[in-house]
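Undergrad: I'd like to ask you about the structure that follows.
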Amino acid sequence: MDVSKMTVSINKAINTQEVAVKEKHARTCILGTHHEKGAQTFWSVVNRLPLSSNAVLCWKFCHVFHKLLRDGHPNVLKDSLRYKNELSDMSRMWGHLSEGYGQLCSIYLKLLRTKMEYHTKNPRFPGNLQMSDRQLDEAGESDVNNFFQLTVEMFDYLECELNLFQTVFNSLDMSRSVSVTTAGQCRLAPLIQVILDCSHLYDYTVKLLFKLHSCLPADTLQGHRDRFMEQFTKLKDLFYRSSNLQYFKRLIQIPQLPENPPNFLRASALSEHISPVVVIPAEASSPDSEPVLEKDDLMDMDASQQNSFDSKFDDIFGSSSSSDPFNFNSQNGVNKDEKDHLIDQLYREINGLKAQLENMKTESQRAVLQLKGRISELEAELAEQQHLRQQAADESEFLRTELDELKKKREDTEKAQRSLTEIERKAQANEQRYSKLKEKYSELVQSHADLLRKNAEVTKQVSVARQAQVDLEREKKELEDSFQRISDQAQRKTQEQTEVLESLKQELATSKQELQIVQGSLESSAQSEAKWTAQIAELEKERGSLVNAVARREEELSALREQLEYTQRQLSSTQESICQLAKDQRKMLLTESRRAAEQVVQEALRQFDEPSLFSCAGSADHLLSKVRSVSSCIEQLEKSWSQYLACPEDISGLLHSVTLLAHLTGDTIVHGSTTCLRAPPEPADSLTEACKQYGRETLLYLAFLEEEGTLENADSTAMRSCLTRITAIGEELLPRGLDIKQEELGDLVDKEMAATSAAIETATARIEEMLSKSRAGDTGVKLEVNERILGSCTSLMQAIQVLIVASKELQREIVESGRGTASPKEFYAKNSRWTEGLISASKAVGWGATVMVDAADLVVQGRGKFEELMVCSREIAASTAQLVAASKVKADKDSPNLAQLQQASRGVNQATAAVVASTISGKSQIEDTDNMDFSSMTLTQIKRQEMDSQVRVLELENELQKERQKLGELRKKHYELAGVAEGWEEGTEASPPTLQEAVIEKE
C-alpha cells in the first residue's frame, strides 16, 4: 500500500469535525499497518497533529488507535510503547477540562495506556482478545498464582472500559435522540470497540473465577467476588442501555447478560455460563461510514477476477504460454485455425459479459447501499418523530395538569376576592354610617350653639325681672348640664366640644355681668316698669315656644346619642376581636419559634451518637468562644423577654433571640462533642455529660417561653451553671503552648535551640568519657564492640550538631524574609503554631540524645540491652526528621540553606544506620562468645533443655505480641497528647510529623 494513501486516510479519519470516524478510512489505516508490519507511518502522521489543543481531534485519534491495537499488526503495540508516557501526560492535561470532550479524552487515554500495559504483561493475549479456552489455560501456565494475578489485571482492564462506557453515557442528553445526530454518533462510535473488549473480558473473568474457586478457599476470593458483582451490575446496565439506542441497532448486535450473576461457589454452574457473543453484521455499517467502491477498486477487482478466470481456463484447456506444446501460434509461423478464432471470440465475449456482470453487481451493490442508507435515515427520522410525539404527549399532560391547578387557584382567588369585597363593603357602610353620624352631631352642635345665643338674647331682655332671671338661669343650667352630659358620652376627646364649652362659660359670665347692669338700671328706672311688664309678657310667650323647641331638640339628641353608643359598641367589639387575633398570631409565632429552637437543640444532642462526627475533631479554644457567644445570647434573650412582657406587640426581638440561642446552643453542643474526640477520657466524659445537661436545661428553658407567666418562670440559672462547667473543662483542655505569652516565643525558640546544642555537646563528652573508661578496663571482643558502638554514637552526635547549625541558619533566613518590618519576636508571635512546632522538635532532639547516651552507658557496662540502644537511635532520627519538617514548612524550596539542611538530615540518617548496624554486629559478637557447651549433656538433658526452650519461645512470642500492642497504644496516645500540647491542628501547614510517623518512615 502506498504511504501517501495511508497518510491521506489517517488525516481523513482523524480530523476536527465532530462526526464519527468513517469505516473505510479506519480500515485503510489497519491494512497499512499490516502492509508495513508496524505503525511507523501512523505515529509519524499523528505526531504532527495538535492533539493537545483540540479535544475532538484527540477523541478521534483515540478511536483510531484503539482499532489499530485491536485489529492492526501485532507490531503496532511495540511501536507505540515509546509514546506511553506522552499519552499519560496528555490524559492528565485533558483531565483538568471537566466539560465537553476533555474528560472523555482523559479517560479514553487512560484506557489505551491500560490496554498497552496489559498486552505487554500478557503477550499471549492478542489485541482483539479472542482466545480459546485452551489458550486461556496456557496463559496462566497452570499456576494458581498466575491465574489469581491475571484475574486482578482483567478486573483493572474491565474497570477502565466500564469507566469510559459510563462517562460517555453521562455526557449525553438521553432525553433526546442523540444517536441520530453527528455529534452523538461521534461520541458513541468508539463504544463499539469497548463493547467488543468488555464481552471477552467478562467471559474470561467468569471462567478464571470458576477455576480459582476450584483451587482456593471461598473466603480468600471474597474480594474477587465483590469486585465481579460490582462490574457485573454496571456491564449489564450499560449493555441494556446500549441495545436500546438506534445507532447501535444498525451497527452491532449487543448481547444481554443473564438476570443473575454466576454462582462461583457451585462448580456445576460453569456449565450454565453462556459466553456473550457480539455480532457485527457485514452490512451493518452506517451509510456515511460504508466503504464506497471507487474506480481503482473496481479495476483491481476486474484484474483479480480476470487472473482467476485465466487460471481456471488454463487448468481446463492448457496454458497459452510459449512453452505450451499445444500452442501453434509460434510453430513455423502457421496461422490460427478456425477453432482458435472461435475460442478467442468466445473468450472476448465472456470477458465482455463478465465486465457487464461486474458492472451490474457494482450498480446493484451501490443501489442496495443507497437503499439501506435511506432506510436507516427513515428509521432514524421515525424514531425521532416518535420521540417528539412522546415529548409532545408528556408536555400536553403537563400543561393539562398546570391548567387544572390554575383553575383551582382561580376559584380560590375568586372566593378570596368575594370575601374581600364583602369586607370592604361592610367597612364602607360603617364608614358612611360614621360620616352621617358625624354630620348629624355637627348639626346638633351648631343648633345647640344657636339656641345658646338666642337664650343669651332672651336673658338680656328679661333681666329686669328677678323671677325671669331665676327661670332663665335654671333653664340655662339644665341646658348646660344636658350639653355637658352629651359631650361626655359622645366625644370626650373632641377639641371642638371643649371650645364650645369654654365659649358657653364665657357667654354665661357675660350674661351675669349684663344681668347685674340690668338690675342696676331697673332700680334707677322704676318709671318704665309698666313698659317692661308688657315686654316681659311677650317674652314669656316667646320663652314657651323656645322651651318646646328645646324639648324637640333634646329628643333628637337622645336618639342620636343612642345611635352613637351603638356604633361605639360595634367599633369596640371590632377592635377587641382585632387585638385578640393579633395576640393569637404573636403567640403562635412564639410557639413555632420555640418548637423550631427545640428541634435544633434536639438535633445537636442526637449528633452525639452519630458516627459521622468521629471523622473530625474540635479545639478547646473554639469551644470557649462558642460558650461566650451563648452567654451573651442568654442575656439578650432575657432582655427581649422582659420587653415582650411589657409590650406584647413588640415580638421581633424575642423571636430573634430565641432563634439565635437555638443555633448557638446547637453549635456549642456539636463543638463540645468534637472536642471530646481529642480530649483524655475523664475530661471527655465530663464534657460530654455537661453538654448533654446543658442541652436538656435549654429545652426546659424554652418550654417556659410558651407560658404567659412572669420572667421568674423562665430561669436561666441552670443553663448558666452548665455553661460554667463547660468553660472550666474547656480551659483545662487548652493546649499548654497557649499558656506561653506570645512575646516569649522568640526567646523560647532560641533557648530551646541552645539547650539542644548543649545537650548534644554534653552527650558527645559523655561518650568520649565512656570510650576512655572502656579502653582502660575492657579487652578483646568487648573492647572492640564498645569502641565500634561508641564511635558510631559519636558520629551520630556530630551529624546532629551539623543538622542543628543548618536548622538555625534556615530559621534565621525564614525570619528575615518573612517578618518584613517587624521584629523577630513579632514574627514568632504571629506564627505561633509554627514556632511551637520548632520548640517541640528541639525538645525531642535534646531528649533523644540524653536517653541514647544513658542507654549506651548501660550497654558498655554490660547492664543494658542492645535493642534499647537501637530504639533510641531510631528515636533520634525521628526527632531530627521532625525538626527538619518543622523548618521546611516556611522555607523557600530553592533556598541553599534548605538544601544544606536536607544534606545534614541525610547525614543523620546515615549515622543512625551506622549506630544500628554497629549495635547489631556487636550483639551478634557478644552472643557468639556465650554459646552453650553441649558436649557434657546427656540425651535426657538435651531433650529437657529443648522443651524449656520451646516453652520460652512461646512465652517470648506472647510477650512480643503484647508489647507490640502496647507500643501501638503508646504511639497513638503520644500522638494525641503531642497534638493537644503543641496545638497542632489537622490541615495546618506548621504541624510537624510525630515521632511515630518519623520512626515508621525510617524503619
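In the C-alpha cells, chains take letters A, B, ... by order of appearance, with residues numbered from 1 within each chain and ligands from 1 in the order shown.
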Neighbours of Leu235 (chain A) within 7 Å (only C-alpha atoms; same-chain residues fewer than 4 positions away dropped), as a list in words?
TA: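 Residues meeting the cut-off are Leu162, Gln231 and Phe239 of chain A.
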Undergrad: Extract, using only C-alpha atoms, all DNA, RNA and protein residues at most 6 Å from region 108-121 of chain A, discarding same-chain residues fewer than 2 positions from it, and format them as a ChimeraX atom specification.
TA: /A:91,105-106,123,160
Undergrad: Which of these residues is nearest to Ser686 (chain A), using only C-alpha atoms: A:Asp143, A:Glu422, A:Glu402, A:Glu732?
TA: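 Closest candidate: A:Glu732.
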Undergrad: Enumerate as a VMD selection string all residues of region 172-249 of chain A assigned to alpha helix (DSSP H) by DSSP on the backbone, naming them with the chain letters and numbers the document uses.
TA: chain A and resid 182 to 188 191 to 213 222 to 243 246 to 249
Undergrad: List the neighbours of region 177-191 of chain A out to 8 Å using only C-alpha atoms; skip same-chain residues closer than 4 positions along the sequence, and give me the result as a list in words.
TA: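 The neighbour list is Glu18, Val19, Ala20, Val21, His63, Phe165, Val168, Leu172, Asp173, Ile195, Leu245, Gln246, Tyr247, Ala380, Ala383, Glu384 and His387 of chain A.
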Undergrad: Restricted to N, CA, C and O atoms, what would the selected residues look like written as a PDB file, in the first residue's frame?
TA:
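That gives us part00.pdb:
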ATOM      1  N   GLU A  18     -16.835  17.112  14.191  1.00  0.00           N
ATOM      2  CA  GLU A  18     -17.498  16.309  15.225  1.00  0.00           C
ATOM      3  C   GLU A  18     -18.441  15.306  14.571  1.00  0.00           C
ATOM      4  O   GLU A  18     -19.660  15.384  14.678  1.00  0.00           O
ATOM      5  N   VAL A  19     -17.854  14.370  13.838  1.00  0.00           N
ATOM      6  CA  VAL A  19     -18.590  13.272  13.199  1.00  0.00           C
ATOM      7  C   VAL A  19     -17.825  11.989  13.497  1.00  0.00           C
ATOM      8  O   VAL A  19     -16.638  12.013  13.847  1.00  0.00           O
ATOM      9  N   ALA A  20     -18.514  10.875  13.345  1.00  0.00           N
ATOM     10  CA  ALA A  20     -17.888   9.589  13.611  1.00  0.00           C
ATOM     11  C   ALA A  20     -16.817   9.283  12.560  1.00  0.00           C
ATOM     12  O   ALA A  20     -16.887   9.738  11.412  1.00  0.00           O
ATOM     13  N   VAL A  21     -15.795   8.535  12.965  1.00  0.00           N
ATOM     14  CA  VAL A  21     -14.727   8.141  12.030  1.00  0.00           C
ATOM     15  C   VAL A  21     -15.303   7.209  10.968  1.00  0.00           C
ATOM     16  O   VAL A  21     -15.997   6.237  11.285  1.00  0.00           O
ATOM     17  N   HIS A  63      -9.968   6.790  19.090  1.00  0.00           N
ATOM     18  CA  HIS A  63     -10.802   5.783  18.421  1.00  0.00           C
ATOM     19  C   HIS A  63      -9.984   4.986  17.405  1.00  0.00           C
ATOM     20  O   HIS A  63      -9.994   3.741  17.380  1.00  0.00           O
ATOM     21  N   PHE A 165     -17.229   3.762  29.239  1.00  0.00           N
ATOM     22  CA  PHE A 165     -18.609   3.472  28.850  1.00  0.00           C
ATOM     23  C   PHE A 165     -19.581   4.391  29.599  1.00  0.00           C
ATOM     24  O   PHE A 165     -20.440   5.057  29.011  1.00  0.00           O
ATOM     25  N   VAL A 168     -19.234   8.296  28.787  1.00  0.00           N
ATOM     26  CA  VAL A 168     -19.847   8.692  27.506  1.00  0.00           C
ATOM     27  C   VAL A 168     -21.360   8.808  27.656  1.00  0.00           C
ATOM     28  O   VAL A 168     -21.979   9.761  27.183  1.00  0.00           O
ATOM     29  N   LEU A 172     -24.147  12.463  27.504  1.00  0.00           N
ATOM     30  CA  LEU A 172     -25.198  12.609  26.503  1.00  0.00           C
ATOM     31  C   LEU A 172     -26.510  12.962  27.170  1.00  0.00           C
ATOM     32  O   LEU A 172     -26.786  12.568  28.297  1.00  0.00           O
ATOM     33  N   ASP A 173     -27.319  13.715  26.465  1.00  0.00           N
ATOM     34  CA  ASP A 173     -28.667  14.042  26.914  1.00  0.00           C
ATOM     35  C   ASP A 173     -29.595  12.934  26.422  1.00  0.00           C
ATOM     36  O   ASP A 173     -30.043  12.932  25.276  1.00  0.00           O
ATOM     37  N   ILE A 195     -17.389  -2.352  23.664  1.00  0.00           N
ATOM     38  CA  ILE A 195     -18.314  -3.474  23.838  1.00  0.00           C
ATOM     39  C   ILE A 195     -17.631  -4.791  23.469  1.00  0.00           C
ATOM     40  O   ILE A 195     -17.787  -5.816  24.161  1.00  0.00           O
ATOM     41  N   LEU A 245     -30.379   1.977  21.855  1.00  0.00           N
ATOM     42  CA  LEU A 245     -30.037   3.122  21.021  1.00  0.00           C
ATOM     43  C   LEU A 245     -30.130   2.739  19.550  1.00  0.00           C
ATOM     44  O   LEU A 245     -29.663   1.669  19.130  1.00  0.00           O
ATOM     45  N   GLN A 246     -30.718   3.629  18.754  1.00  0.00           N
ATOM     46  CA  GLN A 246     -30.916   3.357  17.332  1.00  0.00           C
ATOM     47  C   GLN A 246     -29.588   3.209  16.602  1.00  0.00           C
ATOM     48  O   GLN A 246     -29.455   2.430  15.659  1.00  0.00           O
ATOM     49  N   TYR A 247     -28.573   3.939  17.055  1.00  0.00           N
ATOM     50  CA  TYR A 247     -27.279   3.902  16.376  1.00  0.00           C
ATOM     51  C   TYR A 247     -26.645   2.517  16.447  1.00  0.00           C
ATOM     52  O   TYR A 247     -26.104   2.010  15.452  1.00  0.00           O
ATOM     53  N   ALA A 380     -34.313   6.413  11.469  1.00  0.00           N
ATOM     54  CA  ALA A 380     -33.882   7.426  12.442  1.00  0.00           C
ATOM     55  C   ALA A 380     -34.910   8.548  12.559  1.00  0.00           C
ATOM     56  O   ALA A 380     -35.242   9.016  13.656  1.00  0.00           O
ATOM     57  N   ALA A 383     -37.854   7.259  14.465  1.00  0.00           N
ATOM     58  CA  ALA A 383     -37.569   7.218  15.910  1.00  0.00           C
ATOM     59  C   ALA A 383     -37.611   8.610  16.514  1.00  0.00           C
ATOM     60  O   ALA A 383     -38.137   8.822  17.610  1.00  0.00           O
ATOM     61  N   GLU A 384     -37.066   9.553  15.757  1.00  0.00           N
ATOM     62  CA  GLU A 384     -37.074  10.935  16.282  1.00  0.00           C
ATOM     63  C   GLU A 384     -38.498  11.475  16.358  1.00  0.00           C
ATOM     64  O   GLU A 384     -38.865  12.145  17.335  1.00  0.00           O
ATOM     65  N   HIS A 387     -40.147   9.986  19.243  1.00  0.00           N
ATOM     66  CA  HIS A 387     -39.662  10.646  20.477  1.00  0.00           C
ATOM     67  C   HIS A 387     -40.315  12.020  20.643  1.00  0.00           C
ATOM     68  O   HIS A 387     -40.725  12.395  21.751  1.00  0.00           O
TER      69      HIS A 387
END
Undergrad: Please, what distance in Å, to one decimal, runs between CA of Arg788 (chain A) and CA of Gly848 (chain A)?
TA: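 Separation of CA of Arg788 (chain A) and CA of Gly848 (chain A): 20.2 Å.
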Undergrad: Report as a PyMOL selection string all protein, DNA and RNA residues lying within 8 Å of Met719 (chain A), evaluated on only C-alpha atoms, omitting residues in the same chain fewer than 5 positions from it.
TA: chain A and resi 694+697-698
Undergrad: Store the residues picked out above in a file with all heavy atoms, as a compact mmCIF listing (two decimals), in the first residue's frame.
TA:
# COMPACT_ATOMS: atom_id res chain seq x y z
N TYR A 694 -26.56 20.63 79.49
CA TYR A 694 -26.86 21.97 79.01
C TYR A 694 -27.97 21.93 77.94
O TYR A 694 -28.86 22.79 77.92
CB TYR A 694 -25.61 22.61 78.42
CG TYR A 694 -25.88 23.89 77.66
CD1 TYR A 694 -26.37 25.02 78.31
CD2 TYR A 694 -25.68 23.96 76.28
CE1 TYR A 694 -26.64 26.17 77.63
CE2 TYR A 694 -25.95 25.12 75.60
CZ TYR A 694 -26.43 26.23 76.27
OH TYR A 694 -26.70 27.37 75.57
N GLU A 697 -31.28 21.42 79.82
CA GLU A 697 -31.70 22.65 80.51
C GLU A 697 -32.20 23.70 79.51
O GLU A 697 -33.14 24.45 79.79
CB GLU A 697 -30.53 23.21 81.32
CG GLU A 697 -30.09 22.33 82.48
CD GLU A 697 -31.18 22.17 83.54
OE1 GLU A 697 -32.08 23.03 83.59
OE2 GLU A 697 -31.12 21.20 84.32
N THR A 698 -31.59 23.74 78.34
CA THR A 698 -32.05 24.68 77.31
C THR A 698 -33.46 24.34 76.85
O THR A 698 -34.30 25.22 76.64
CB THR A 698 -31.08 24.68 76.13
OG1 THR A 698 -29.77 24.99 76.59
CG2 THR A 698 -31.49 25.71 75.08
Undergrad: List the neighbours of Ser807 (chain A) out to 8 Å using only C-alpha atoms; skip same-chain residues closer than 4 positions along the sequence, and give me the result as a ChimeraX atom specification.
TA: /A:803,811,883-884,887,901
Undergrad: Those residues you just picked out, can you put them in a file as a PDB file, in the first residue's frame with C-alpha atoms?
TA:
ATOM      1  CA  LEU A 803      21.903  19.494  61.450  1.00  0.00           C
ATOM      2  CA  GLN A 811      15.335  29.629  60.602  1.00  0.00           C
ATOM      3  CA  LEU A 883      12.924  19.257  63.283  1.00  0.00           C
ATOM      4  CA  VAL A 884      13.636  19.211  59.533  1.00  0.00           C
ATOM      5  CA  SER A 887      11.953  24.023  59.474  1.00  0.00           C
ATOM      6  CA  LEU A 901      19.611  21.206  55.924  1.00  0.00           C
TER       7      LEU A 901
END
Undergrad: Kindly give the distance, in Å, that separates CA of Leu164 (chain A) and CA of Leu238 (chain A), rounded to a single decimal.
TA: 11.0 Å
Undergrad: Excluding region 4-17 of chain A and any residue of its chain fewer than 2 positions from it, enumerate the residues within 8 Å of it, using only C-alpha atoms, and give them as a list in words.
TA: Met1, Asp2, Val19, Val21, Lys22, His25, Ala26, Thr28, Cys29, Gly32, Thr41, Phe42, Val45, Asn54, Val56, Leu57, Lys60, Phe61 and Val64 of chain A
Undergrad: To one decimal in Å, tell me the separation between CA of His213 (chain A) and CA of His200 (chain A).
TA: 20.1 Å
Undergrad: Find, counting only C-alpha atoms, the residue in A:Ser442, A:Leu342, A:Thr167, A:Gln356 that gets nearest to Glu99 (chain A).
TA: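 Going through A:Ser442, A:Leu342, A:Thr167, A:Gln356 one by one, the smallest distance to Glu99 (chain A) is for A:Thr167.
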